[in-house]
Each structure stands twice: as C-alpha cells, then as structure tokens.
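The next block holds one structure in the form of structure tokens; read it before the comments.
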Amino acid sequence: MIVRPALATDAAAIQTIYAHHVLHGTGTFEETPPSVEQMTQRMADVTGRGLPWVVAEEGGKVLGYAYASPFRLRSAYRYTAEDSVYVAPGAQGRGVGRAALTEVVAACEVLGLRQLLAVIGDSANAASIGVHRTLGFEMIGASPGLGFKQGRFLDVVFMQKALNGGTAGKPDADGLAL
C-alpha cells in the first residue's frame, strides 16, 4: 500500500467510497452522496488552500483517503484544521485509514498548524475513534443527538491533537489562507 497526494483522476474512486459511507454509515451526517463533479470541486477547494488530501492505494486501486480542511473560515481559526478519513468497504481493518491519516497529520505539522480536530459522527464509530486515538488525538467531548440519520439521533464526538507545540508560544507560520 502506498499513500500519495490525491489527483483529480481519483475523484470517482473517492466519490464511490464516500457515497458508501453517506448511504450506509453514520460517520458523516451527509444524507445524499455528492456527485463526482462535486467531489472534484471539494478536493480542489481543499488543495487550493495548500491543505493535504491523500489517497491510500494498492495495486492501482484507491482503498481510502484522508484530508484536512479549515475548521472554520474566520481568521482566528487559521492555525486549526479538521481532518476527515474514509476507507472503502472491504478494506477496513488493514491500516488504510491510519496510513492516510498519518500523512495528513504530518502535512499539517509541516504547514505550521497548531491544532487538528476530528469531528466524528456517531459515538459508536469505534473505528474512527480508535484510529484517531492511536495517532495521539484526545477525546475532548461529545454532543448528544446533534444529527438525525437512519431514523435515529446521533452524537458527534470531538477529538483534538496539538501540533507544533499546540498553544505554547506564538506560531512561526502565518496559518491557513482562509
């Protein structure tokens, strides 16, 4: 398995993986899968800000992906990003998510970011919570019943990882272009 920057040509595979999670999972609260064109635009929006979007592939097949996006678009949040990670059905439990997310964390550190957040749909999402925990994210809270999907109210779990010293001292870099 290799992890590499995502290309526009990966958009269809990424959309297929994400559509599965939209339709069958609770890790995202989106209920209608975006089109390939919409996913291509999302990828361009992220990478256009200089943020990482990576895919994990094996034998030329995309098995999963991860990326970081701005947490909020107000300037005070310019040192904070939010990560996302999704793995193809049948590829779970093979380290795909961890490999992709590891690359995103490293890229965010290089960018000089100070905080990386995981906003995880469904407190029963053990796989996502687990991979974030193994990469040093700490549980900072959960908000009960924020989303309604698949006929039930779902929690949102918040996890956080300090990067580059976190809140110690002033940042050396300018932060994200918001």
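FYI, nothing fancy with the structure tokens labels: chains A, B, ... in order, residues from 1 per chain, ligands from 1 as they appear.
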Mind dumping a table of every range 2-89 of chain A residue within 10 Å of range 93-101 of chain A, with the nearest atom pair and its distance in Å to one decimal, using only C-alpha atoms, sorted by chain and rising number, as JSON lines?
{"residue": "A:Ile2", "atom": "CA", "partner": "A:Ala99", "partner_atom": "CA", "distance": 8.5}
{"residue": "A:Val3", "atom": "CA", "partner": "A:Ala100", "partner_atom": "CA", "distance": 6.2}
{"residue": "A:Arg4", "atom": "CA", "partner": "A:Ala100", "partner_atom": "CA", "distance": 8.4}
{"residue": "A:Pro5", "atom": "CA", "partner": "A:Ala100", "partner_atom": "CA", "distance": 9.7}
{"residue": "A:Trp53", "atom": "CA", "partner": "A:Ala100", "partner_atom": "CA", "distance": 9.0}
{"residue": "A:Val54", "atom": "CA", "partner": "A:Ala100", "partner_atom": "CA", "distance": 6.4}
{"residue": "A:Val55", "atom": "CA", "partner": "A:Ala100", "partner_atom": "CA", "distance": 6.4}
{"residue": "A:Ala56", "atom": "CA", "partner": "A:Ala100", "partner_atom": "CA", "distance": 5.9}
{"residue": "A:Glu57", "atom": "CA", "partner": "A:Val96", "partner_atom": "CA", "distance": 8.5}
{"residue": "A:Glu58", "atom": "CA", "partner": "A:Val96", "partner_atom": "CA", "distance": 9.8}
{"residue": "A:Val62", "atom": "CA", "partner": "A:Val96", "partner_atom": "CA", "distance": 9.9}
{"residue": "A:Leu63", "atom": "CA", "partner": "A:Val96", "partner_atom": "CA", "distance": 6.9}
{"residue": "A:Gly64", "atom": "CA", "partner": "A:Val96", "partner_atom": "CA", "distance": 6.2}
{"residue": "A:Tyr65", "atom": "CA", "partner": "A:Ala100", "partner_atom": "CA", "distance": 5.9}
{"residue": "A:Ala66", "atom": "CA", "partner": "A:Ala100", "partner_atom": "CA", "distance": 5.5}
{"residue": "A:Tyr67", "atom": "CA", "partner": "A:Leu101", "partner_atom": "CA", "distance": 7.5}
{"residue": "A:Ala68", "atom": "CA", "partner": "A:Leu101", "partner_atom": "CA", "distance": 9.1}
{"residue": "A:Asp83", "atom": "CA", "partner": "A:Leu101", "partner_atom": "CA", "distance": 7.9}
{"residue": "A:Ser84", "atom": "CA", "partner": "A:Leu101", "partner_atom": "CA", "distance": 8.1}
{"residue": "A:Val85", "atom": "CA", "partner": "A:Gly97", "partner_atom": "CA", "distance": 6.2}
{"residue": "A:Tyr86", "atom": "CA", "partner": "A:Gly97", "partner_atom": "CA", "distance": 6.6}
{"residue": "A:Val87", "atom": "CA", "partner": "A:Gly97", "partner_atom": "CA", "distance": 6.0}
{"residue": "A:Ala88", "atom": "CA", "partner": "A:Val96", "partner_atom": "CA", "distance": 9.0}
Just write the chosen residues, N, CA and C atoms, as a PDB file, in the first residue's frame.
ATOM      1  N   ILE A   2       0.503   2.200  -0.821  1.00  0.00           N
ATOM      2  CA  ILE A   2       1.205   3.486  -0.827  1.00  0.00           C
ATOM      3  C   ILE A   2       0.193   4.582  -0.509  1.00  0.00           C
ATOM      4  N   VAL A   3       0.688   5.641   0.096  1.00  0.00           N
ATOM      5  CA  VAL A   3      -0.116   6.830   0.345  1.00  0.00           C
ATOM      6  C   VAL A   3       0.505   7.951  -0.466  1.00  0.00           C
ATOM      7  N   ARG A   4      -0.335   8.642  -1.220  1.00  0.00           N
ATOM      8  CA  ARG A   4       0.162   9.694  -2.115  1.00  0.00           C
ATOM      9  C   ARG A   4      -0.871  10.810  -2.183  1.00  0.00           C
ATOM     10  N   PRO A   5      -0.451  11.984  -2.665  1.00  0.00           N
ATOM     11  CA  PRO A   5      -1.431  13.058  -2.848  1.00  0.00           C
ATOM     12  C   PRO A   5      -2.527  12.629  -3.828  1.00  0.00           C
ATOM     13  N   TRP A  53      -4.715  16.403   0.828  1.00  0.00           N
ATOM     14  CA  TRP A  53      -5.739  15.396   0.516  1.00  0.00           C
ATOM     15  C   TRP A  53      -4.966  14.226  -0.059  1.00  0.00           C
ATOM     16  N   VAL A  54      -5.001  13.099   0.607  1.00  0.00           N
ATOM     17  CA  VAL A  54      -4.210  11.944   0.187  1.00  0.00           C
ATOM     18  C   VAL A  54      -5.109  10.737  -0.042  1.00  0.00           C
ATOM     19  N   VAL A  55      -4.605   9.819  -0.838  1.00  0.00           N
ATOM     20  CA  VAL A  55      -5.263   8.526  -1.019  1.00  0.00           C
ATOM     21  C   VAL A  55      -4.279   7.428  -0.640  1.00  0.00           C
ATOM     22  N   ALA A  56      -4.833   6.331  -0.143  1.00  0.00           N
ATOM     23  CA  ALA A  56      -4.059   5.115   0.083  1.00  0.00           C
ATOM     24  C   ALA A  56      -4.493   4.145  -1.001  1.00  0.00           C
ATOM     25  N   GLU A  57      -3.527   3.628  -1.734  1.00  0.00           N
ATOM     26  CA  GLU A  57      -3.859   2.724  -2.827  1.00  0.00           C
ATOM     27  C   GLU A  57      -2.983   1.488  -2.789  1.00  0.00           C
ATOM     28  N   GLU A  58      -3.511   0.461  -3.414  1.00  0.00           N
ATOM     29  CA  GLU A  58      -2.780  -0.796  -3.542  1.00  0.00           C
ATOM     30  C   GLU A  58      -3.110  -1.365  -4.905  1.00  0.00           C
ATOM     31  N   VAL A  62      -7.731   2.685  -5.250  1.00  0.00           N
ATOM     32  CA  VAL A  62      -7.856   3.545  -4.080  1.00  0.00           C
ATOM     33  C   VAL A  62      -8.653   2.788  -3.014  1.00  0.00           C
ATOM     34  N   LEU A  63      -8.024   2.604  -1.844  1.00  0.00           N
ATOM     35  CA  LEU A  63      -8.652   1.889  -0.740  1.00  0.00           C
ATOM     36  C   LEU A  63      -9.222   2.831   0.321  1.00  0.00           C
ATOM     37  N   GLY A  64      -8.758   4.064   0.311  1.00  0.00           N
ATOM     38  CA  GLY A  64      -9.224   5.032   1.288  1.00  0.00           C
ATOM     39  C   GLY A  64      -8.577   6.371   1.041  1.00  0.00           C
ATOM     40  N   TYR A  65      -9.024   7.351   1.809  1.00  0.00           N
ATOM     41  CA  TYR A  65      -8.469   8.685   1.659  1.00  0.00           C
ATOM     42  C   TYR A  65      -8.634   9.461   2.952  1.00  0.00           C
ATOM     43  N   ALA A  66      -7.852  10.524   3.053  1.00  0.00           N
ATOM     44  CA  ALA A  66      -7.950  11.430   4.194  1.00  0.00           C
ATOM     45  C   ALA A  66      -7.565  12.819   3.717  1.00  0.00           C
ATOM     46  N   TYR A  67      -8.071  13.809   4.421  1.00  0.00           N
ATOM     47  CA  TYR A  67      -7.726  15.187   4.092  1.00  0.00           C
ATOM     48  C   TYR A  67      -7.932  16.073   5.312  1.00  0.00           C
ATOM     49  N   ALA A  68      -7.409  17.282   5.215  1.00  0.00           N
ATOM     50  CA  ALA A  68      -7.631  18.296   6.243  1.00  0.00           C
ATOM     51  C   ALA A  68      -8.279  19.493   5.569  1.00  0.00           C
ATOM     52  N   ASP A  83      -9.795  17.144  10.287  1.00  0.00           N
ATOM     53  CA  ASP A  83      -9.474  16.043   9.384  1.00  0.00           C
ATOM     54  C   ASP A  83     -10.715  15.221   9.053  1.00  0.00           C
ATOM     55  N   SER A  84     -10.626  14.492   7.964  1.00  0.00           N
ATOM     56  CA  SER A  84     -11.635  13.513   7.559  1.00  0.00           C
ATOM     57  C   SER A  84     -10.898  12.309   7.009  1.00  0.00           C
ATOM     58  N   VAL A  85     -11.438  11.130   7.272  1.00  0.00           N
ATOM     59  CA  VAL A  85     -10.817   9.905   6.776  1.00  0.00           C
ATOM     60  C   VAL A  85     -11.915   8.885   6.478  1.00  0.00           C
ATOM     61  N   TYR A  86     -11.821   8.244   5.311  1.00  0.00           N
ATOM     62  CA  TYR A  86     -12.805   7.243   4.887  1.00  0.00           C
ATOM     63  C   TYR A  86     -12.080   6.082   4.216  1.00  0.00           C
ATOM     64  N   VAL A  87     -12.575   4.888   4.484  1.00  0.00           N
ATOM     65  CA  VAL A  87     -11.970   3.667   3.950  1.00  0.00           C
ATOM     66  C   VAL A  87     -13.034   2.898   3.167  1.00  0.00           C
ATOM     67  N   ALA A  88     -12.619   2.320   2.049  1.00  0.00           N
ATOM     68  CA  ALA A  88     -13.529   1.562   1.187  1.00  0.00           C
ATOM     69  C   ALA A  88     -14.060   0.331   1.908  1.00  0.00           C
TER      70      ALA A  88
END
If we count only C-alpha atoms and set the cut-off at 8 Å, which residues sit around range 33-48 of chain A, ignoring sequence neighbours fewer than 2 positions away in its own chain? Please answer as a PDB file with N, CA and C atoms, in the first residue's frame.
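Result file is selection.pdb:
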ATOM      1  N   ALA A   8      -6.988  14.647  -9.382  1.00  0.00           N
ATOM      2  CA  ALA A   8      -8.353  14.816  -9.893  1.00  0.00           C
ATOM      3  C   ALA A   8      -8.871  13.500 -10.475  1.00  0.00           C
ATOM      4  N   ALA A  11     -11.000  11.253  -8.206  1.00  0.00           N
ATOM      5  CA  ALA A  11     -12.288  11.745  -7.705  1.00  0.00           C
ATOM      6  C   ALA A  11     -13.401  10.696  -7.791  1.00  0.00           C
ATOM      7  N   ALA A  12     -13.448   9.925  -8.844  1.00  0.00           N
ATOM      8  CA  ALA A  12     -14.520   8.925  -8.975  1.00  0.00           C
ATOM      9  C   ALA A  12     -14.385   7.852  -7.898  1.00  0.00           C
ATOM     10  N   ILE A  14     -12.865   8.175  -4.991  1.00  0.00           N
ATOM     11  CA  ILE A  14     -13.140   8.847  -3.719  1.00  0.00           C
ATOM     12  C   ILE A  14     -14.637   9.020  -3.541  1.00  0.00           C
ATOM     13  N   GLN A  15     -15.318   9.432  -4.592  1.00  0.00           N
ATOM     14  CA  GLN A  15     -16.769   9.620  -4.518  1.00  0.00           C
ATOM     15  C   GLN A  15     -17.472   8.306  -4.222  1.00  0.00           C
ATOM     16  N   TYR A  18     -16.937   7.525  -0.509  1.00  0.00           N
ATOM     17  CA  TYR A  18     -17.720   8.426   0.333  1.00  0.00           C
ATOM     18  C   TYR A  18     -19.216   8.141   0.205  1.00  0.00           C
ATOM     19  N   ALA A  19     -19.683   7.869  -1.008  1.00  0.00           N
ATOM     20  CA  ALA A  19     -21.103   7.570  -1.216  1.00  0.00           C
ATOM     21  C   ALA A  19     -21.531   6.373  -0.379  1.00  0.00           C
ATOM     22  N   VAL A  22     -21.983   7.676   3.096  1.00  0.00           N
ATOM     23  CA  VAL A  22     -23.167   8.529   3.166  1.00  0.00           C
ATOM     24  C   VAL A  22     -24.427   7.674   3.246  1.00  0.00           C
ATOM     25  N   LEU A  23     -24.509   6.667   2.410  1.00  0.00           N
ATOM     26  CA  LEU A  23     -25.720   5.848   2.307  1.00  0.00           C
ATOM     27  C   LEU A  23     -25.845   4.778   3.390  1.00  0.00           C
ATOM     28  N   GLU A  30     -23.953  13.707   6.143  1.00  0.00           N
ATOM     29  CA  GLU A  30     -24.480  13.973   4.809  1.00  0.00           C
ATOM     30  C   GLU A  30     -25.399  12.807   4.454  1.00  0.00           C
ATOM     31  N   GLU A  31     -26.540  13.080   3.809  1.00  0.00           N
ATOM     32  CA  GLU A  31     -27.500  12.026   3.507  1.00  0.00           C
ATOM     33  C   GLU A  31     -27.666  11.750   2.021  1.00  0.00           C
ATOM     34  N   GLY A  50      -3.772  24.784  -0.008  1.00  0.00           N
ATOM     35  CA  GLY A  50      -2.493  24.229   0.394  1.00  0.00           C
ATOM     36  C   GLY A  50      -2.602  23.118   1.419  1.00  0.00           C
ATOM     37  N   LEU A  51      -3.823  22.652   1.655  1.00  0.00           N
ATOM     38  CA  LEU A  51      -4.046  21.586   2.632  1.00  0.00           C
ATOM     39  C   LEU A  51      -3.934  20.214   1.972  1.00  0.00           C
ATOM     40  N   PRO A  52      -3.612  19.197   2.761  1.00  0.00           N
ATOM     41  CA  PRO A  52      -3.402  17.866   2.190  1.00  0.00           C
ATOM     42  C   PRO A  52      -4.703  17.114   1.927  1.00  0.00           C
ATOM     43  N   TRP A  53      -4.715  16.403   0.828  1.00  0.00           N
ATOM     44  CA  TRP A  53      -5.739  15.396   0.516  1.00  0.00           C
ATOM     45  C   TRP A  53      -4.966  14.226  -0.059  1.00  0.00           C
ATOM     46  N   TYR A  67      -8.071  13.809   4.421  1.00  0.00           N
ATOM     47  CA  TYR A  67      -7.726  15.187   4.092  1.00  0.00           C
ATOM     48  C   TYR A  67      -7.932  16.073   5.312  1.00  0.00           C
ATOM     49  N   ALA A  68      -7.409  17.282   5.215  1.00  0.00           N
ATOM     50  CA  ALA A  68      -7.631  18.296   6.243  1.00  0.00           C
ATOM     51  C   ALA A  68      -8.279  19.493   5.569  1.00  0.00           C
ATOM     52  N   SER A  69      -9.244  20.067   6.241  1.00  0.00           N
ATOM     53  CA  SER A  69      -9.916  21.263   5.736  1.00  0.00           C
ATOM     54  C   SER A  69      -9.930  22.308   6.844  1.00  0.00           C
TER      55      SER A  69
END
Contacts of Thr26 in chain A within 8 Å, only C-alpha atoms, excl. fewer than 2 positions in-chain, as a list in words = His21, Val22, His24, Thr28, Phe29, Gly121, Asp122, Asn125, Lys149, Gln150 and Leu154 of chain A
Create the file for the chosen residues now, containing C-alpha atoms and written as an mmCIF file, in the first residue's frame.
data_model
loop_
_atom_site.group_PDB
_atom_site.id
_atom_site.type_symbol
_atom_site.label_atom_id
_atom_site.label_comp_id
_atom_site.auth_asym_id
_atom_site.auth_seq_id
_atom_site.Cartn_x
_atom_site.Cartn_y
_atom_site.Cartn_z
ATOM 1 C CA HIS A 21 -20.473 5.960 3.907
ATOM 2 C CA VAL A 22 -23.167 8.529 3.166
ATOM 3 C CA HIS A 24 -24.774 3.134 4.795
ATOM 4 C CA THR A 28 -20.856 11.535 8.041
ATOM 5 C CA PHE A 29 -24.168 13.276 8.510
ATOM 6 C CA GLY A 121 -20.251 11.266 13.556
ATOM 7 C CA ASP A 122 -21.771 8.709 15.942
ATOM 8 C CA ASN A 125 -17.975 4.852 15.483
ATOM 9 C CA LYS A 149 -29.770 9.970 10.268
ATOM 10 C CA GLN A 150 -31.008 6.462 9.549
ATOM 11 C CA LEU A 154 -26.624 10.572 16.617
#
key: Residues of range 6-56 of chain A in strand (DSSP E), written as number ranges by chain   = A: 53-56
task = Once DSSP has gone over the backbone, tell me which residues of range 40-174 of chain A are in alpha helix (DSSP H), as a PyMOL selection string.
result = chain A and resi 40-48+96-110+126-134
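Nearest to Lys61 in chain A of all the residues A:Ala173, A:Leu7, A:Leu163, A:Met1 is A:Met1, counting only C-alpha atoms.
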task = Find the spatial neighbours of range 129-145 of chain A, counting only C-alpha atoms, within a cut-off of 9 Å - ignore same-chain residues fewer than 4 positions away - and output them as JSON, numbers by chain.
result = {"A": [95, 97, 98, 101, 102, 105, 116, 117, 118, 120, 122, 123, 124, 125, 152, 153, 154, 155, 156, 157, 158, 159, 160, 161, 162]}
Kindly save the residues from that selection, with N, CA and C atoms included, as a PDB file, in the first residue's frame.
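Generated output (result-v8.pdb):
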ATOM      1  N   GLY A  95      -5.336  -1.054   8.172  1.00  0.00           N
ATOM      2  CA  GLY A  95      -4.423   0.064   8.393  1.00  0.00           C
ATOM      3  C   GLY A  95      -4.504   1.156   7.352  1.00  0.00           C
ATOM      4  N   GLY A  97      -6.891   3.547   6.870  1.00  0.00           N
ATOM      5  CA  GLY A  97      -7.234   4.838   7.461  1.00  0.00           C
ATOM      6  C   GLY A  97      -6.086   5.424   8.248  1.00  0.00           C
ATOM      7  N   ARG A  98      -5.428   4.589   9.020  1.00  0.00           N
ATOM      8  CA  ARG A  98      -4.295   5.059   9.817  1.00  0.00           C
ATOM      9  C   ARG A  98      -3.173   5.575   8.920  1.00  0.00           C
ATOM     10  N   LEU A 101      -4.331   8.937   7.345  1.00  0.00           N
ATOM     11  CA  LEU A 101      -4.426   9.996   8.343  1.00  0.00           C
ATOM     12  C   LEU A 101      -3.055  10.382   8.884  1.00  0.00           C
ATOM     13  N   THR A 102      -2.142   9.437   8.992  1.00  0.00           N
ATOM     14  CA  THR A 102      -0.773   9.744   9.424  1.00  0.00           C
ATOM     15  C   THR A 102      -0.135  10.759   8.489  1.00  0.00           C
ATOM     16  N   VAL A 105      -1.714  14.249   9.108  1.00  0.00           N
ATOM     17  CA  VAL A 105      -1.183  14.859  10.337  1.00  0.00           C
ATOM     18  C   VAL A 105       0.206  15.432  10.070  1.00  0.00           C
ATOM     19  N   LEU A 116      -5.353  20.073  15.355  1.00  0.00           N
ATOM     20  CA  LEU A 116      -6.072  19.285  14.368  1.00  0.00           C
ATOM     21  C   LEU A 116      -7.244  18.641  15.088  1.00  0.00           C
ATOM     22  N   LEU A 117      -8.434  18.860  14.564  1.00  0.00           N
ATOM     23  CA  LEU A 117      -9.656  18.344  15.159  1.00  0.00           C
ATOM     24  C   LEU A 117     -10.227  17.206  14.336  1.00  0.00           C
ATOM     25  N   ALA A 118     -10.837  16.277  15.054  1.00  0.00           N
ATOM     26  CA  ALA A 118     -11.646  15.234  14.426  1.00  0.00           C
ATOM     27  C   ALA A 118     -13.064  15.451  14.930  1.00  0.00           C
ATOM     28  N   ILE A 120     -16.300  13.567  14.689  1.00  0.00           N
ATOM     29  CA  ILE A 120     -16.678  12.212  14.297  1.00  0.00           C
ATOM     30  C   ILE A 120     -18.168  11.991  14.511  1.00  0.00           C
ATOM     31  N   ASP A 122     -21.328   9.915  15.244  1.00  0.00           N
ATOM     32  CA  ASP A 122     -21.771   8.709  15.942  1.00  0.00           C
ATOM     33  C   ASP A 122     -20.750   8.245  16.980  1.00  0.00           C
ATOM     34  N   SER A 123     -21.128   8.347  18.231  1.00  0.00           N
ATOM     35  CA  SER A 123     -20.232   7.930  19.316  1.00  0.00           C
ATOM     36  C   SER A 123     -19.965   6.425  19.286  1.00  0.00           C
ATOM     37  N   ALA A 124     -20.717   5.675  18.489  1.00  0.00           N
ATOM     38  CA  ALA A 124     -20.463   4.239  18.327  1.00  0.00           C
ATOM     39  C   ALA A 124     -19.476   3.958  17.190  1.00  0.00           C
ATOM     40  N   ASN A 125     -18.907   4.990  16.599  1.00  0.00           N
ATOM     41  CA  ASN A 125     -17.975   4.852  15.483  1.00  0.00           C
ATOM     42  C   ASN A 125     -16.589   4.472  16.028  1.00  0.00           C
ATOM     43  N   ARG A 152     -32.510   7.769  13.537  1.00  0.00           N
ATOM     44  CA  ARG A 152     -32.169   7.984  14.942  1.00  0.00           C
ATOM     45  C   ARG A 152     -31.269   9.201  15.111  1.00  0.00           C
ATOM     46  N   PHE A 153     -31.285   9.739  16.329  1.00  0.00           N
ATOM     47  CA  PHE A 153     -30.400  10.843  16.659  1.00  0.00           C
ATOM     48  C   PHE A 153     -29.016  10.302  16.966  1.00  0.00           C
ATOM     49  N   LEU A 154     -28.007  11.008  16.480  1.00  0.00           N
ATOM     50  CA  LEU A 154     -26.624  10.572  16.617  1.00  0.00           C
ATOM     51  C   LEU A 154     -25.780  11.639  17.295  1.00  0.00           C
ATOM     52  N   ASP A 155     -24.828  11.176  18.084  1.00  0.00           N
ATOM     53  CA  ASP A 155     -23.889  12.070  18.748  1.00  0.00           C
ATOM     54  C   ASP A 155     -22.808  12.522  17.771  1.00  0.00           C
ATOM     55  N   VAL A 156     -22.109  13.579  18.162  1.00  0.00           N
ATOM     56  CA  VAL A 156     -20.891  13.995  17.490  1.00  0.00           C
ATOM     57  C   VAL A 156     -19.784  13.953  18.539  1.00  0.00           C
ATOM     58  N   VAL A 157     -18.701  13.262  18.215  1.00  0.00           N
ATOM     59  CA  VAL A 157     -17.552  13.128  19.096  1.00  0.00           C
ATOM     60  C   VAL A 157     -16.471  14.085  18.603  1.00  0.00           C
ATOM     61  N   PHE A 158     -15.869  14.794  19.543  1.00  0.00           N
ATOM     62  CA  PHE A 158     -14.795  15.737  19.218  1.00  0.00           C
ATOM     63  C   PHE A 158     -13.491  15.221  19.810  1.00  0.00           C
ATOM     64  N   MET A 159     -12.477  15.118  18.947  1.00  0.00           N
ATOM     65  CA  MET A 159     -11.141  14.720  19.377  1.00  0.00           C
ATOM     66  C   MET A 159     -10.163  15.766  18.848  1.00  0.00           C
ATOM     67  N   GLN A 160      -9.051  15.934  19.543  1.00  0.00           N
ATOM     68  CA  GLN A 160      -8.117  17.001  19.191  1.00  0.00           C
ATOM     69  C   GLN A 160      -6.687  16.532  19.381  1.00  0.00           C
ATOM     70  N   LYS A 161      -5.822  17.014  18.483  1.00  0.00           N
ATOM     71  CA  LYS A 161      -4.390  16.720  18.576  1.00  0.00           C
ATOM     72  C   LYS A 161      -3.632  18.034  18.425  1.00  0.00           C
ATOM     73  N   ALA A 162      -2.798  18.327  19.418  1.00  0.00           N
ATOM     74  CA  ALA A 162      -1.943  19.509  19.332  1.00  0.00           C
ATOM     75  C   ALA A 162      -0.785  19.220  18.380  1.00  0.00           C
TER      76      ALA A 162
END
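Each of A:Glu82, A:Thr16, A:Val104, A:Gln115 was compared to Pro70 in chain A using only C-alpha atoms, and A:Glu82 turns out to be the nearest.
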Nearest candidate to Ala81 in chain A (options A:Leu111, A:Gly151, A:His20, A:Ala126; using only C-alpha atoms) = A:Leu111
key: CA of Ala13 in chain A to CA of Gly60 in chain A, distance in Å rounded to a single decimal   = 10.9 Å
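Distance-wise, CA of Gly27 in chain A and CA of Gly165 in chain A end up 29.0 Å apart.
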query = Expressed in Å to a single decimal, how great is the separation between CA of Leu73 in chain A and CA of Leu178 in chain A?
reply = 5.6 Å
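Proximity to Ala177 in chain A was assessed for A:Ser75, A:Asn164, A:Gln92, A:Ser128 counting only C-alpha atoms; the smallest distance is recorded for A:Ser75.
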